[in-house]
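Text of start.tsv (TSV, C-alpha atoms) as supplied:
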chain	number	residue	atom	x	y	z
A	1	MET	CA	-9.36	42.16	13.39
A	2	LYS	CA	-12.26	39.76	13.43
A	3	MET	CA	-11.32	36.57	11.60
A	4	ASN	CA	-13.77	33.90	10.60
A	5	LEU	CA	-14.35	31.73	7.57
A	6	ARG	CA	-17.26	33.81	6.28
A	7	ILE	CA	-15.22	37.04	6.28
A	8	MET	CA	-12.22	35.31	4.70
A	9	ILE	CA	-14.37	33.91	1.87
A	10	GLN	CA	-16.01	37.29	1.24
A	11	VAL	CA	-12.63	39.05	1.20
A	12	CYS	CA	-11.26	36.44	-1.21
A	13	MET	CA	-14.23	36.99	-3.52
A	14	LEU	CA	-13.59	40.74	-3.44
A	15	ILE	CA	-9.91	40.12	-4.20
A	16	ALA	CA	-10.85	37.98	-7.21
A	17	LEU	CA	-13.30	40.64	-8.38
A	18	GLU	CA	-10.63	43.34	-8.03
A	19	ILE	CA	-8.20	41.33	-10.15
A	20	VAL	CA	-10.78	40.84	-12.91
A	21	LEU	CA	-11.91	44.48	-12.88
A	22	SER	CA	-8.42	45.98	-12.77
A	23	ARG	CA	-6.77	43.61	-15.25
A	24	PHE	CA	-9.56	43.04	-17.80
A	25	CYS	CA	-12.12	45.82	-17.39
A	26	SER	CA	-9.99	48.94	-17.36
A	27	ILE	CA	-8.29	51.27	-19.78
A	28	ALA	CA	-4.56	51.12	-19.16
A	29	THR	CA	-1.53	52.83	-20.62
A	30	PRO	CA	2.02	52.61	-19.27
A	31	ILE	CA	1.49	55.70	-17.11
A	32	MET	CA	-2.21	55.65	-16.21
A	33	LYS	CA	-5.16	53.33	-15.68
A	34	ILE	CA	-8.86	54.10	-15.46
A	35	GLY	CA	-11.24	51.39	-14.33
A	36	PHE	CA	-13.42	50.02	-11.56
A	37	GLY	CA	-10.84	48.01	-9.63
A	38	PHE	CA	-11.35	50.39	-6.71
A	39	VAL	CA	-14.90	49.09	-6.10
A	40	PRO	CA	-14.11	45.73	-4.43
A	41	ILE	CA	-11.37	47.23	-2.26
A	42	ALA	CA	-13.65	50.07	-1.16
A	43	MET	CA	-16.42	47.55	-0.44
A	44	CYS	CA	-13.96	45.52	1.62
A	45	GLY	CA	-13.12	48.68	3.56
A	46	MET	CA	-16.80	49.49	4.08
A	47	LEU	CA	-17.67	45.98	5.25
A	48	PHE	CA	-14.60	44.78	7.13
A	49	GLY	CA	-12.37	47.77	7.95
A	50	PRO	CA	-8.89	49.04	7.14
A	51	VAL	CA	-6.88	45.91	7.99
A	52	TRP	CA	-8.89	43.60	5.74
A	53	ALA	CA	-9.10	46.21	2.98
A	54	GLY	CA	-5.35	46.84	3.08
A	55	PHE	CA	-4.74	43.09	3.01
A	56	ALA	CA	-7.14	42.68	0.08
A	57	GLY	CA	-5.53	45.52	-1.87
A	58	GLY	CA	-2.03	44.15	-1.39
A	59	ILE	CA	-2.89	40.53	-2.14
A	60	ALA	CA	-4.94	41.52	-5.20
A	61	ASP	CA	-2.00	43.52	-6.54
A	62	ILE	CA	0.48	40.69	-6.01
A	63	ILE	CA	-1.74	37.95	-7.44
A	64	GLY	CA	-2.79	40.16	-10.36
A	65	ALA	CA	0.84	40.98	-11.14
A	66	ILE	CA	1.82	37.31	-11.05
A	67	LEU	CA	-1.11	35.93	-13.06
A	68	PHE	CA	-1.73	38.80	-15.47
A	69	PRO	CA	1.36	41.05	-15.60
A	70	ILE	CA	0.99	44.45	-17.22
A	71	GLY	CA	4.70	45.16	-16.77
A	72	ALA	CA	7.44	44.19	-14.37
A	73	PHE	CA	6.31	43.69	-10.77
A	74	PHE	CA	7.18	46.70	-8.63
A	75	PRO	CA	6.53	46.54	-4.85
A	76	GLY	CA	5.83	50.28	-4.66
A	77	PHE	CA	2.50	49.72	-6.39
A	78	THR	CA	1.69	47.04	-3.83
A	79	VAL	CA	2.34	49.61	-1.09
A	80	SER	CA	-0.04	52.00	-2.89
A	81	ALA	CA	-2.67	49.24	-3.16
A	82	ILE	CA	-2.38	48.46	0.56
A	83	LEU	CA	-2.63	52.13	1.50
A	84	THR	CA	-5.68	52.55	-0.76
A	85	GLY	CA	-7.49	49.79	1.09
A	86	VAL	CA	-6.45	51.15	4.47
A	87	VAL	CA	-7.75	54.64	3.58
A	88	PHE	CA	-11.09	53.26	2.35
A	89	GLY	CA	-11.38	51.22	5.54
A	90	LEU	CA	-10.46	54.10	7.85
A	91	PHE	CA	-12.98	56.49	6.31
A	92	LEU	CA	-15.83	54.17	5.29
A	93	PHE	CA	-15.98	51.32	7.84
A	94	ASN	CA	-18.94	51.55	10.25
A	95	ARG	CA	-19.92	54.97	8.92
A	96	LYS	CA	-23.33	56.19	7.97
A	97	GLU	CA	-23.82	57.63	4.52
A	98	SER	CA	-21.65	60.71	4.50
A	99	TRP	CA	-20.32	62.77	1.63
A	100	GLU	CA	-17.62	64.10	3.96
A	101	TYR	CA	-16.05	60.73	4.79
A	102	LEU	CA	-16.50	59.51	1.24
A	103	GLY	CA	-14.97	62.70	-0.16
A	104	CYS	CA	-11.99	62.41	2.20
A	105	ALA	CA	-11.38	58.76	1.27
A	106	VAL	CA	-11.58	59.42	-2.47
A	107	SER	CA	-9.50	62.60	-2.26
A	108	ILE	CA	-6.72	61.01	-0.24
A	109	ASN	CA	-6.64	57.94	-2.48
A	110	CYS	CA	-6.73	59.88	-5.74
A	111	ILE	CA	-4.58	62.89	-4.88
A	112	VAL	CA	-2.11	61.62	-2.30
A	113	ILE	CA	-1.75	57.95	-3.25
A	114	SER	CA	-2.52	57.86	-6.99
A	115	LEU	CA	-1.33	61.29	-8.10
A	116	GLY	CA	1.51	61.60	-5.59
A	117	LEU	CA	2.86	58.22	-4.54
A	118	SER	CA	2.04	56.14	-7.64
A	119	THR	CA	3.40	58.85	-9.92
A	120	TYR	CA	6.59	58.75	-7.88
A	121	TRP	CA	6.77	54.97	-8.40
A	122	LEU	CA	6.40	55.58	-12.15
A	123	THR	CA	9.33	58.01	-12.09
A	124	ILE	CA	11.46	55.26	-10.57
A	125	ILE	CA	10.35	52.66	-13.12
A	126	THR	CA	10.41	54.82	-16.26
A	127	GLY	CA	13.15	57.28	-15.36
A	128	SER	CA	10.82	60.08	-16.51
A	129	PRO	CA	10.68	63.29	-14.48
A	130	PHE	CA	7.75	63.60	-12.09
A	131	ILE	CA	6.59	66.79	-13.79
A	132	ALA	CA	6.53	65.07	-17.20
A	133	LEU	CA	4.17	62.37	-15.93
A	134	LEU	CA	1.93	64.78	-14.06
A	135	PRO	CA	-0.38	66.05	-16.87
A	136	ALA	CA	-1.62	62.57	-17.82
A	137	ARG	CA	-1.95	61.59	-14.16
A	138	VAL	CA	-3.91	64.78	-13.37
A	139	LEU	CA	-6.26	64.02	-16.28
A	140	GLN	CA	-6.74	60.49	-14.98
A	141	ASN	CA	-7.71	61.82	-11.55
A	142	ILE	CA	-10.02	64.50	-12.97
A	143	ILE	CA	-11.93	61.67	-14.65
A	144	ILE	CA	-11.83	59.13	-11.82
A	145	ILE	CA	-12.65	61.31	-8.79
A	146	PRO	CA	-16.30	62.01	-9.75
A	147	VAL	CA	-16.70	58.41	-10.94
A	148	GLN	CA	-15.47	57.07	-7.60
A	149	LEU	CA	-17.66	59.47	-5.62
A	150	ILE	CA	-20.82	58.51	-7.49
A	151	VAL	CA	-20.16	54.76	-7.66
A	152	LEU	CA	-19.10	54.48	-4.02
A	153	ARG	CA	-22.06	56.55	-2.83
A	154	LEU	CA	-24.41	54.19	-4.68
A	155	ILE	CA	-22.63	51.19	-3.14
A	156	GLN	CA	-22.92	52.76	0.33
A	157	LYS	CA	-26.66	53.15	-0.19
A	158	LEU	CA	-27.03	49.55	-1.39
A	159	LEU	CA	-25.00	48.14	1.50
A	160	ILE	CA	-27.02	50.13	4.04
A	161	PHE	CA	-30.30	49.11	2.37
A	162	TYR	CA	-29.39	45.41	2.38
A	163	SER	CA	-28.03	45.48	5.93
A	164	LYS	CA	-31.35	46.96	7.15
A	165	LYS	CA	-33.38	44.50	5.10
A	166	GLN	CA	-31.41	41.58	6.54
A	167	TYR	CA	-32.55	42.36	10.08
A	168	VAL	CA	-36.20	43.16	9.31
Take the structure from the file and write it as structure tokens.
Amino acid sequence: MKMNLRIMIQVCMLIALEIVLSRFCSIATPIMKIGFGFVPIAMCGMLFGPVWAGFAGGIADIIGAILFPIGAFFPGFTVSAILTGVVFGLFLFNRKESWEYLGCAVSINCIVISLGLSTYWLTIITGSPFIALLPARVLQNIIIIPVQLIVLRLIQKLLIFYSKKQYV
């Protein structure tokens, strides 16, 4: 893990952006949330790799929960946030534009982490059966998967464009 002041400042800016996007620019109900909080964490994964992205996801979740609580703090969601960053970093760091890697990252994050793990955390918090929470969570993922694919593909293109322009 490369650590320097420039990377730390950029990661902190992405953390702050994630907190703003997820807490103020999203549609949230007690059992689902649709928004663009994934963008800064995915960008962190693309730029700095899985360790930084996992760190950013976890810290953003903790700081967001402390400063702007939506409900009681639950560490399971922090685990999900860390894993989300790690997955984005594993599949998108140092990769050329690729629908395959992007599709894998979004699918794992949406289906395994959001639909599976985060729904499980909700069953613990609410006491509701997993199957009762599933329809709303499936709807959330049906909406968010294409949004994430399109938005992250555009961000990949912009990052590649600007990285090439920087060295010309």
> If you count all atoms listed in the file, which residues fall within 7 Å of range 59-73 of chain A, apart from same-chain ones fewer than 2 positions away, as a count of residues only?
Replying inline: 10
>> Applying 10 Å and all atoms listed in the file, which residues near Ile111 in chain A remain after dropping the ones on its own chain fewer than 3 positions away? List them as a VMD selection string.
In response: chain A and resid 106 to 108 114 to 118 137 to 138 141 to 142 145
Could you produce a table of the residues of range 45-159 of chain A lying within 10 Å of range 2-6 of chain A, with the nearest pair of atoms per residue and their separation in Å rounded to one decimal, using all atoms listed in the file, ordered by chain and increasing residue number, as a Markdown table?
| residue | atom | partner | partner_atom | distance |
| --- | --- | --- | --- | --- |
| A:Phe48 | CA | A:Lys2 | CA | 8.4 |
| A:Gly49 | CA | A:Lys2 | CA | 9.7 |
| A:Val51 | CA | A:Lys2 | CA | 9.8 |
| A:Trp52 | CA | A:Lys2 | CA | 9.2 |
> Hey, which of A:Thr126, A:Lys96, A:Ala42, A:Leu139 ends up closest to Asn109 in chain A? Count only C-alpha atoms.
Replying inline: A:Ala42
> Using only C-alpha atoms, which residue out of A:Met32, A:Ala16, A:Ile155, A:Cys25 lies closest to Leu134 in chain A?
Replying inline: A:Met32
